[in-house]
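Listing of model-v8.txt, compact mmCIF, C-alpha atoms
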# COMPACT_ATOMS: atom_id res chain seq x y z
CA GLU A 251 -14.29 -30.23 84.19
CA ALA A 252 -15.05 -27.77 86.99
CA GLN A 253 -18.59 -28.20 88.16
CA VAL A 254 -21.13 -28.00 90.94
CA THR A 255 -23.56 -30.89 90.96
CA GLN A 256 -26.96 -30.75 92.59
CA ASN A 257 -29.41 -33.58 93.00
CA PRO A 258 -32.22 -34.03 92.39
CA ARG A 259 -33.05 -31.57 89.61
CA TYR A 260 -36.77 -31.84 90.24
CA LEU A 261 -38.62 -32.91 93.37
CA ILE A 262 -42.26 -33.00 94.35
CA THR A 263 -42.95 -33.83 97.97
CA VAL A 264 -45.65 -33.54 100.60
CA THR A 265 -45.76 -31.22 103.57
CA GLY A 266 -43.75 -32.50 106.51
CA LYS A 267 -41.73 -35.17 104.73
CA LYS A 268 -38.04 -34.60 105.37
CA LEU A 269 -35.85 -34.18 102.32
CA THR A 270 -32.24 -33.49 101.43
CA VAL A 271 -30.87 -31.78 98.36
CA THR A 272 -27.26 -32.68 97.75
CA CYS A 273 -24.55 -30.39 96.41
CA SER A 274 -21.03 -31.37 95.49
CA GLN A 275 -18.16 -29.40 93.93
CA ASN A 276 -14.93 -30.70 92.44
CA MET A 277 -12.86 -27.50 92.59
CA ASN A 278 -11.64 -27.71 96.20
CA HIS A 279 -13.42 -24.43 96.94
CA GLU A 280 -13.58 -23.16 100.48
CA TYR A 281 -16.86 -21.30 100.21
CA MET A 282 -20.23 -22.84 99.44
CA SER A 283 -23.71 -21.39 99.66
CA TRP A 284 -27.38 -22.09 99.04
CA TYR A 285 -29.87 -19.72 97.44
CA ARG A 286 -33.51 -19.84 96.63
CA GLN A 287 -34.87 -18.05 93.59
CA ASP A 288 -38.44 -16.78 93.51
CA PRO A 289 -40.10 -14.57 90.89
CA GLY A 290 -39.57 -10.89 91.63
CA LEU A 291 -37.31 -11.61 94.60
CA GLY A 292 -34.11 -12.63 92.84
CA LEU A 293 -31.69 -14.92 94.66
CA ARG A 294 -31.89 -14.95 98.41
CA GLN A 295 -29.17 -16.54 100.46
CA ILE A 296 -30.26 -19.36 102.76
CA TYR A 297 -27.03 -20.59 104.36
CA TYR A 298 -23.36 -20.39 103.57
CA SER A 299 -20.17 -22.10 104.62
CA MET A 300 -16.66 -20.72 104.72
CA ASN A 301 -15.02 -24.08 105.27
CA VAL A 302 -15.51 -27.53 106.76
CA GLU A 303 -17.63 -27.39 109.94
CA VAL A 304 -18.12 -23.61 109.51
CA THR A 305 -21.63 -22.61 108.49
CA ASP A 306 -23.75 -19.53 109.01
CA LYS A 307 -27.22 -18.24 108.31
CA GLY A 308 -27.99 -16.14 105.28
CA ASP A 309 -31.01 -13.94 104.78
CA VAL A 310 -33.74 -16.61 104.80
CA PRO A 311 -32.57 -19.56 106.92
CA GLU A 312 -35.88 -20.46 108.60
CA GLY A 313 -36.96 -24.02 107.85
CA TYR A 314 -33.58 -25.12 106.50
CA LYS A 315 -30.49 -26.84 107.83
CA VAL A 316 -27.09 -27.45 106.30
CA SER A 317 -23.93 -29.35 107.14
CA ARG A 318 -20.37 -29.21 105.89
CA LYS A 319 -18.59 -32.37 107.02
CA GLU A 320 -16.43 -32.55 103.90
CA LYS A 321 -15.06 -29.74 101.80
CA ARG A 322 -16.72 -30.89 98.60
CA ASN A 323 -20.27 -31.46 99.93
CA PHE A 324 -22.85 -29.04 101.27
CA PRO A 325 -26.30 -30.63 101.54
CA LEU A 326 -29.46 -28.63 102.19
CA ILE A 327 -31.92 -30.26 104.56
CA LEU A 328 -35.60 -29.48 104.94
CA GLU A 329 -36.71 -31.23 108.12
CA SER A 330 -40.42 -30.47 107.66
CA PRO A 331 -41.06 -28.89 104.28
CA SER A 332 -43.97 -26.51 103.84
CA PRO A 333 -45.62 -25.15 100.67
CA ASN A 334 -43.89 -21.76 101.10
CA GLN A 335 -40.61 -23.55 100.48
CA THR A 336 -41.69 -24.33 96.93
CA SER A 337 -38.95 -22.67 94.95
CA LEU A 338 -35.94 -23.05 92.69
CA TYR A 339 -32.80 -23.75 94.70
CA PHE A 340 -29.21 -23.16 93.66
CA CYS A 341 -26.00 -24.28 95.26
CA ALA A 342 -22.84 -22.29 94.56
CA SER A 343 -19.16 -22.61 95.38
CA THR A 344 -16.47 -19.94 95.38
CA GLY A 345 -12.72 -20.21 95.54
CA LEU A 346 -10.41 -17.60 97.01
CA SER A 347 -8.60 -17.08 93.73
CA GLU A 348 -11.51 -17.06 91.30
CA GLY A 349 -13.77 -14.79 93.31
CA GLY A 350 -16.77 -15.50 91.16
CA ALA A 351 -19.21 -18.24 92.10
CA PHE A 352 -19.90 -21.43 90.20
CA PHE A 353 -23.50 -22.53 90.29
CA GLY A 354 -25.18 -25.88 90.16
CA GLN A 355 -27.96 -26.57 87.68
CA GLY A 356 -30.68 -25.91 90.22
CA THR A 357 -33.31 -27.99 92.00
CA ARG A 358 -36.95 -27.19 91.42
CA LEU A 359 -38.81 -28.17 94.57
CA THR A 360 -42.59 -28.33 94.89
CA VAL A 361 -44.15 -28.95 98.29
CA VAL A 362 -47.83 -29.88 98.19
CA ALA B 98 -27.09 -5.24 106.10
CA GLN B 99 -25.56 -5.76 102.72
CA SER B 100 -27.73 -4.46 99.90
CA VAL B 101 -27.51 -4.64 96.16
CA SER B 102 -30.06 -2.67 94.14
CA GLN B 103 -30.91 -3.20 90.52
CA HIS B 104 -33.03 -0.35 89.22
CA ASN B 105 -34.67 -1.97 86.23
CA HIS B 106 -36.76 -5.05 86.88
CA HIS B 107 -37.94 -5.54 83.31
CA VAL B 108 -36.34 -4.21 80.14
CA ILE B 109 -37.66 -4.76 76.63
CA LEU B 110 -35.50 -3.82 73.65
CA SER B 111 -35.33 -4.38 69.95
CA GLU B 112 -32.28 -6.01 68.41
CA ALA B 113 -29.37 -3.62 67.85
CA ALA B 114 -30.53 -1.28 70.62
CA SER B 115 -28.05 -0.30 73.31
CA LEU B 116 -28.37 -1.67 76.82
CA GLU B 117 -27.52 -0.27 80.22
CA LEU B 118 -28.58 -1.98 83.43
CA GLY B 119 -28.04 -0.18 86.70
CA CYS B 120 -26.58 -1.67 89.88
CA ASN B 121 -25.80 0.02 93.17
CA TYR B 122 -24.49 -1.43 96.41
CA SER B 123 -24.86 0.02 99.86
CA TYR B 124 -21.63 -0.46 101.78
CA GLY B 125 -18.07 0.76 101.66
CA GLY B 126 -14.75 -0.93 101.98
CA THR B 127 -13.20 -3.32 99.54
CA VAL B 128 -15.71 -5.08 97.34
CA ASN B 129 -15.65 -7.44 94.42
CA LEU B 130 -18.38 -6.87 91.87
CA PHE B 131 -19.98 -9.27 89.44
CA TRP B 132 -22.63 -9.57 86.80
CA TYR B 133 -24.23 -12.94 86.18
CA VAL B 134 -26.58 -14.02 83.43
CA GLN B 135 -29.28 -16.67 83.62
CA TYR B 136 -30.65 -17.85 80.28
CA PRO B 137 -34.16 -19.32 80.35
CA GLY B 138 -34.20 -22.63 82.19
CA GLN B 139 -30.51 -22.53 83.03
CA HIS B 140 -28.29 -21.78 85.99
CA LEU B 141 -26.36 -18.58 86.57
CA GLN B 142 -23.17 -17.98 84.66
CA LEU B 143 -20.54 -15.34 85.25
CA LEU B 144 -20.56 -12.51 82.69
CA LEU B 145 -17.80 -10.36 84.13
CA LYS B 146 -16.15 -9.36 87.36
CA TYR B 147 -14.26 -6.47 88.88
CA PHE B 148 -11.68 -6.87 91.63
CA SER B 149 -9.35 -3.90 91.17
CA GLY B 150 -7.55 -1.84 88.54
CA ASP B 151 -9.21 -0.46 85.42
CA PRO B 152 -12.79 0.36 86.42
CA LEU B 153 -14.04 -0.51 82.94
CA VAL B 154 -14.16 -4.28 82.62
CA LYS B 155 -14.94 -6.34 79.56
CA GLY B 156 -16.82 -9.58 79.80
CA ILE B 157 -18.05 -12.28 77.50
CA LYS B 158 -20.44 -11.76 74.58
CA GLY B 159 -19.63 -8.05 74.17
CA PHE B 160 -20.76 -6.98 77.64
CA GLU B 161 -18.85 -4.47 79.71
CA ALA B 162 -19.36 -2.79 83.05
CA GLU B 163 -18.03 0.32 84.70
CA PHE B 164 -17.22 0.60 88.38
CA ILE B 165 -17.77 4.10 89.75
CA LYS B 166 -16.59 4.05 93.34
CA SER B 167 -17.99 7.47 94.26
CA LYS B 168 -21.45 6.38 93.16
CA PHE B 169 -21.23 2.83 94.54
CA SER B 170 -22.31 1.69 91.10
CA PHE B 171 -21.43 -1.08 88.68
CA ASN B 172 -23.60 -0.67 85.59
CA LEU B 173 -23.71 -3.23 82.82
CA ARG B 174 -23.65 -2.12 79.19
CA LYS B 175 -23.77 -3.56 75.72
CA PRO B 176 -23.72 -1.35 72.60
CA SER B 177 -25.95 -3.56 70.46
CA VAL B 178 -28.08 -6.36 71.90
CA GLN B 179 -29.10 -9.53 70.14
CA TRP B 180 -32.16 -11.73 70.48
CA SER B 181 -29.93 -14.32 72.19
CA ASP B 182 -29.26 -11.86 75.02
CA THR B 183 -32.79 -12.45 76.30
CA ALA B 184 -32.14 -13.57 79.88
CA GLU B 185 -32.20 -12.51 83.49
CA TYR B 186 -29.22 -10.46 84.70
CA PHE B 187 -28.02 -10.32 88.27
CA CYS B 188 -25.58 -7.95 89.88
CA ALA B 189 -23.66 -9.36 92.85
CA VAL B 190 -21.17 -8.15 95.43
CA ASN B 191 -18.87 -9.88 97.86
CA ARG B 192 -16.60 -8.44 100.48
CA PRO B 193 -13.19 -10.10 100.66
CA GLY B 194 -12.06 -7.39 103.05
CA GLY B 195 -14.73 -8.62 105.42
CA GLY B 196 -13.54 -12.18 105.02
CA SER B 197 -16.46 -13.26 102.91
CA TYR B 198 -16.36 -14.42 99.34
CA ILE B 199 -20.03 -15.31 99.42
CA PRO B 200 -21.89 -13.11 96.93
CA THR B 201 -25.00 -11.11 97.74
CA PHE B 202 -27.30 -10.67 94.75
CA GLY B 203 -29.64 -8.00 93.52
CA ARG B 204 -33.20 -8.92 92.56
CA GLY B 205 -32.33 -9.28 88.92
CA THR B 206 -33.38 -7.62 85.68
CA SER B 207 -35.36 -9.50 83.09
CA LEU B 208 -34.25 -8.53 79.58
CA ILE B 209 -36.36 -9.37 76.55
CA VAL B 210 -34.92 -8.62 73.13
CA HIS B 211 -37.32 -8.63 70.20
CA PRO B 212 -35.94 -9.74 66.83
Once you've parsed the file, please lay out its structure as structure tokens.
Amino acid sequence: EAQVTQNPRYLITVTGKKLTVTCSQNMNHEYMSWYRQDPGLGLRQIYYSMNVEVTDKGDVPEGYKVSRKEKRNFPLILESPSPNQTSLYFCASTGLSEGGAFFGQGTRLTVV
Amino acid sequence: AQSVSQHNHHVILSEAASLELGCNYSYGGTVNLFWYVQYPGQHLQLLLKYFSGDPLVKGIKGFEAEFIKSKFSFNLRKPSVQWSDTAEYFCAVNRPGGGSYIPTFGRGTSLIVHP
């Protein structure tokens, strides 16, 4: 079954404690991306990747890092989380043929 | 910068009413257009997409959308909504001509359908 898997689904952490949200896809897609969803703001793109070792900033990259060492994985790293990064995060992958994006189930992050 | 505008932020309808949600994008060239739906507590799912050809596209669950190139618009329609259509709807655009298949999203429209 085609899917994008994010972990964890829920996370509560404290300010400054480094965390990683993992994302993995099993469709051999070239493109992967991270979004955060906040009420009234829709989905805002954080980072994206067009292929292995190729990443670029989206609209709201401050405070985040990503890596793409393997085609299937695209982790999101928060080196020093702050309360304004409390949000719902989605990972997505897109193939050249499908065009449309497949989304993970989301990670609800709370930074206290 | 890429921009996708959804005109209605909140829509409240009664069952059997007709629905039209507006979407405009701000740049020219070749684009792919999408509508996604997010049911409460769930992730986004693709409703329909337009790449080329017939500008009227049919999606799942009775939804359709019309691409009007001259107006840079891709409005979503459904003739008769149901309570189960209560969800958030997102318009999205990517630009394969620009080498990017990464979608840019509008802010979303929250639809509430009363039984």
TODO: Could you please tell me, as an NGL selection string, which residues of chain B have an atom within 8 Å of chain A when using all atoms listed in the file?
DONE: :B and (129 or 131 or 139-143 or 146 or 187 or 197-205)
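Here the question is which of A:Pro325, A:Lys267, A:Ser332, A:Val310 gets nearest to Thr255 of chain A using all atoms listed in the file, and that residue is A:Pro325.
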Open item on the list: Would you compute the distance between atom CA of Asp182 of chain B and atom CA of Lys168 of chain B? Give it in Å to one decimal.
Closed with: 26.9 Å
- [ ] Identify, on the basis of all atoms listed in the file, every residue whose closest approach to Thr206 of chain B does not exceed 8 Å; exclude the query and any residue fewer than 3 positions from it along the same chain; express the result as a PyMOL selection string.
- [x] chain B and resi 103+105-108+118+185-187
Given the selection you just returned, output its residues as a file containing C-alpha atoms, formatted as a compact mmCIF listing (two decimals), in the frame of the given file.
# COMPACT_ATOMS: atom_id res chain seq x y z
CA GLN B 103 -30.91 -3.20 90.52
CA ASN B 105 -34.67 -1.97 86.23
CA HIS B 106 -36.76 -5.05 86.88
CA HIS B 107 -37.94 -5.54 83.31
CA VAL B 108 -36.34 -4.21 80.14
CA LEU B 118 -28.58 -1.98 83.43
CA GLU B 185 -32.20 -12.51 83.49
CA TYR B 186 -29.22 -10.46 84.70
CA PHE B 187 -28.02 -10.32 88.27
- [ ] Using atom CA of Ile165 of chain B and atom CA of Gln179 of chain B as the two end points, give the distance in Å to one decimal.
- [x]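 Spanning atom CA of Ile165 of chain B to atom CA of Gln179 of chain B is a straight-line distance of 26.4 Å.
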Open item on the list: Using all atoms listed in the file, can you tell me which of B:Ser177, B:Phe169, B:Leu130, B:Gln135 comes closest to Val154 of chain B?
Closed with: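 Distance minimum relative to Val154 of chain B lands on B:Leu130.
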